[in-house]
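Q: Let me give you the structure first, and then I'll get to my questions.
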Amino acid sequence: MKTAVITGAAAGIGRETAKLFARKGYRVVLADIDEAGAAALAREIESGGGHAVAHLLDVRSEQQWETFGSWVRAEFGWADVLVNNAGVMDLGGFVETTVAQWQRMVDIDLMSVVYGSRVFARLMIEAGVRGHIVNLASAAAFLPSKLDPAYGVAKSAVLMATQSLRIELRQHHIGVTAVCPGVIQTNLLAHGERHGLSAAEQEKWRAQAGGLQANLAYAGPDKVARAIERSVRHNWAVVPVNPEAWAIYGLIRLSPTLARVIPSILSFERAEQLLELGKPLLNQLAKGRSAQ
């Protein structure tokens with residue numbers, strides 16, 4: 001039986017990816033800092049006839065990655081698939097984002113990919129398996145923005161790291177893919193931070209922005225999961241997900257200047273005005289979903 005390791009597996013894209021690979025006959029290892037959430041998903045998959053095991057992992061820790069890799073090797077020999085999915089999205093301008101906040105984004109969104117890819121690439125090479133590594137980048141990796149520069153920088157680095165790793169692992173017949181989702185129905189913004197605000201202001205922003213993402217995004221995490229699974233089968237290099245992700249990907253290749261001009265029109269003030277205007281719609285959508 002093949003083994004797929006998925007980080008951030010307790011919720012969102014990671015959860016749907018784990019369920020999909022389990023349906024495809026993989027044994028799924030659900031790695032997450034939310035141990036209870038991962039364990040609950042493992043029970044759900046097992047009750048449906050699949051094979052799953054939960055494992056506590058703080059993706060910011062290189063030592064935990066090394067220990068986790070040794071555990072996977074001892075239990076299963078190697079992993080056939082690694083999906084580096086765990087991540088956070090904080091918002092805030094380049095200058096107002098503190099060094100500590102920059103470091104948090106780099107540690108979770110970038111260095112976790114570096115740690116995980118190194119550990120599991122070594123396992124795949126040693127075992128001689130034709131494995132696959134999927135790293136979750138983002139459409140933000142293509143587009144400079146004053147709304148989320150730290151997130152965009154980290155995801156841009158993930159995109160380049162993934163392509164560099166793809167070149168290096170080709171000789172070992174190990175595939176590597178960068179999946180770049182657009183706006184997806186997850187709790188990414190609701191769980192993130194808005195830099196430069198007081199605690200009360202941040203909670204208000206998080207609730208509004210999170211509601212906007214959850215209610216207005218037209219694609220669910222299952223769509224990204226399907227893109228991940230297809231990427232493993234076809235060994236695609238870079239995979240934007242959703243029309244807006246493809247549009248941004250095409251724009252930056254066609255006209256880098258235009259790709260810089262368009263985002264310059266956006267601002268937090270305009271975003272906040274739109275959130276206020278959209279409150280009635282968000283409330284209506286929330287009521288409709290709770291009634292279902």
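As shown in the structure tokens, the chain order sets the letters A, B, ...; within each chain, residues go from 1, and ligands are also counted from 1 in the order they appear.
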From a DSSP calculation on the backbone, collect every residue of range 14-134 of chain A in strand (DSSP E) and output the set as JSON, numbers by chain.

A: {"A": [27, 28, 29, 30, 31, 32, 51, 52, 53, 54, 55, 56, 81, 82, 83, 84, 132, 133, 134]}

Q: Restricted to N, CA and C atoms, what would the selected residues look like written as a CSV table (one decimal), in the first residue's frame?

A:
chain,number,residue,atom,x,y,z
A,27,ARG,N,-2.6,4.8,2.1
A,27,ARG,CA,-2.6,5.0,3.6
A,27,ARG,C,-2.2,6.5,3.8
A,28,VAL,N,-3.0,7.2,4.5
A,28,VAL,CA,-2.7,8.7,4.7
A,28,VAL,C,-2.2,8.9,6.1
A,29,VAL,N,-1.1,9.7,6.2
A,29,VAL,CA,-0.5,10.1,7.5
A,29,VAL,C,-0.9,11.6,7.6
A,30,LEU,N,-1.7,11.9,8.6
A,30,LEU,CA,-2.3,13.2,8.8
A,30,LEU,C,-1.5,14.0,9.9
A,31,ALA,N,-0.6,14.8,9.4
A,31,ALA,CA,0.3,15.6,10.2
A,31,ALA,C,-0.3,17.0,10.5
A,32,ASP,N,-0.4,17.3,11.8
A,32,ASP,CA,-1.0,18.6,12.1
A,32,ASP,C,-0.6,19.0,13.5
A,51,HIS,N,-7.5,3.9,5.3
A,51,HIS,CA,-6.4,3.7,6.2
A,51,HIS,C,-5.7,5.0,6.5
A,52,ALA,N,-5.7,5.4,7.8
A,52,ALA,CA,-5.2,6.7,8.2
A,52,ALA,C,-4.6,6.7,9.6
A,53,VAL,N,-3.6,7.5,9.8
A,53,VAL,CA,-3.0,7.6,11.1
A,53,VAL,C,-2.7,9.1,11.3
A,54,ALA,N,-3.0,9.6,12.5
A,54,ALA,CA,-2.7,11.0,12.8
A,54,ALA,C,-1.3,11.1,13.5
A,55,HIS,N,-0.7,12.3,13.3
A,55,HIS,CA,0.6,12.5,14.0
A,55,HIS,C,0.8,14.0,14.3
A,56,LEU,N,1.1,14.3,15.5
A,56,LEU,CA,1.4,15.7,15.9
A,56,LEU,C,2.6,16.2,15.2
A,81,VAL,N,4.1,9.9,-1.4
A,81,VAL,CA,3.7,11.2,-1.6
A,81,VAL,C,3.8,12.1,-0.4
A,82,LEU,N,4.3,13.3,-0.6
A,82,LEU,CA,4.3,14.3,0.5
A,82,LEU,C,3.6,15.5,0.0
A,83,VAL,N,2.6,16.0,0.8
A,83,VAL,CA,1.9,17.2,0.4
A,83,VAL,C,2.2,18.2,1.5
A,84,ASN,N,3.0,19.2,1.2
A,84,ASN,CA,3.3,20.3,2.1
A,84,ASN,C,2.2,21.3,2.0
A,132,HIS,N,6.6,11.5,-5.1
A,132,HIS,CA,6.1,12.9,-5.5
A,132,HIS,C,6.0,13.8,-4.3
A,133,ILE,N,6.4,15.0,-4.5
A,133,ILE,CA,6.3,16.1,-3.5
A,133,ILE,C,5.5,17.2,-4.1
A,134,VAL,N,4.4,17.5,-3.4
A,134,VAL,CA,3.5,18.7,-3.8
A,134,VAL,C,3.6,19.8,-2.7

Q: Taking only C-alpha atoms into account, which of A:Gly69, A:Gly196, A:Gly77, A:Gly8 comes nearest Asp109 in chain A?

A: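 For Asp109 in chain A, the nearest of the given residues is A:Gly8.
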
Q: Restricting the calculation to only C-alpha atoms: of A:Trp71, A:Tyr249, A:Trp236, A:Tyr26, which residue gets closest to Val119 in chain A?

A: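 Of all the options, A:Trp71 lies closest to Val119 in chain A.
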
Q: Taking only C-alpha atoms into account, name the residue in A:Arg194, A:Arg130, A:His173, A:Arg233 that is nearest to Asp90 in chain A.

A: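 Nearest to Asp90 in chain A: A:Arg194.
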
Q: I want to know what sits within 7 Å of range 98-106 of chain A, based on only C-alpha atoms, with residues of the same chain fewer than 6 positions away left out; could you give that as a PyMOL selection string?

A: chain A and resi 150-151+154

Q: Could you please determine the separation between CA of Val5 in chain A and CA of Ala79 in chain A in Å, to one decimal place?

A: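 So the two atoms, CA of Val5 in chain A and CA of Ala79 in chain A, lie 6.6 Å apart.
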
Q: Just the residues within 8 Å of Gly192 in chain A, please, counting only C-alpha atoms, with nothing from its chain fewer than 5 positions along; format it as a short mmCIF file (atom, residue, chain, number, x, y, z; two decimals) with C-alpha atoms, in the first residue's frame.

A:
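Produced file part-v7.cif, reproduced below:
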data_model
loop_
_atom_site.label_atom_id
_atom_site.label_comp_id
_atom_site.auth_asym_id
_atom_site.auth_seq_id
_atom_site.Cartn_x
_atom_site.Cartn_y
_atom_site.Cartn_z
CA VAL A 88 -1.15 30.68 7.38
CA MET A 89 -2.10 33.94 5.70
CA ASP A 90 -1.53 37.19 7.58
CA LEU A 91 -2.32 40.57 6.06
CA ARG A 206 -10.74 38.67 10.98
#

Q: Between CA of Pro149 in chain A and CA of Val261 in chain A, what is the distance, to one decimal in Å?

A: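 About the pair CA of Pro149 in chain A and CA of Val261 in chain A: they are 15.1 Å apart.
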
Q: Between A:Ala9, A:Val113, A:Ala247, A:Ala86, single out the one closest to Gly37 in chain A, counting only C-alpha atoms.

A: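 Selected residue with least distance to Gly37 in chain A: A:Ala9.
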
Q: Give me the residues within 8 Å of Val224 in chain A as a ChimeraX atom specification, counting only C-alpha atoms and dropping any in the same chain fewer than 5 places off.

A: /A:13,17,181,241

Q: Selection from above, N, CA and C atoms, as an mmCIF file, in the first residue's frame, can you write it?

A:
data_model
loop_
_atom_site.group_PDB
_atom_site.id
_atom_site.type_symbol
_atom_site.label_atom_id
_atom_site.label_comp_id
_atom_site.auth_asym_id
_atom_site.auth_seq_id
_atom_site.Cartn_x
_atom_site.Cartn_y
_atom_site.Cartn_z
ATOM 1 N N ILE A 13 -7.954 22.456 2.849
ATOM 2 C CA ILE A 13 -7.380 21.744 1.704
ATOM 3 C C ILE A 13 -6.715 20.450 2.151
ATOM 4 N N THR A 17 -7.731 16.737 0.820
ATOM 5 C CA THR A 17 -6.678 15.991 0.125
ATOM 6 C C THR A 17 -6.479 14.629 0.769
ATOM 7 N N PRO A 181 -3.321 27.810 -5.532
ATOM 8 C CA PRO A 181 -4.756 28.106 -5.502
ATOM 9 C C PRO A 181 -5.034 29.605 -5.535
ATOM 10 N N VAL A 241 -4.909 27.074 -9.607
ATOM 11 C CA VAL A 241 -6.243 26.512 -9.383
ATOM 12 C C VAL A 241 -7.241 27.658 -9.281
#

Q: Please identify every residue of range 150-258 of chain A that has at least one atom no farther than 12 Å from an atom of range 18-24 of chain A, counting only C-alpha atoms, and for each give the shortest atom pair and the distance in Å to one decimal, arranged by chain then increasing number, as a Markdown table.

A:
| residue | atom | partner | partner_atom | distance |
| --- | --- | --- | --- | --- |
| A:Pro221 | CA | A:Leu20 | CA | 11.1 |
| A:Asp222 | CA | A:Leu20 | CA | 8.3 |
| A:Lys223 | CA | A:Leu20 | CA | 10.6 |
| A:Val224 | CA | A:Leu20 | CA | 10.7 |
| A:Ala225 | CA | A:Leu20 | CA | 7.0 |
| A:Arg226 | CA | A:Leu20 | CA | 7.6 |
| A:Ala227 | CA | A:Leu20 | CA | 10.8 |
| A:Ile228 | CA | A:Phe21 | CA | 9.7 |
| A:Glu229 | CA | A:Phe21 | CA | 7.3 |
| A:Arg230 | CA | A:Phe21 | CA | 10.8 |
| A:Val232 | CA | A:Phe21 | CA | 10.6 |
| A:Arg233 | CA | A:Lys24 | CA | 11.6 |
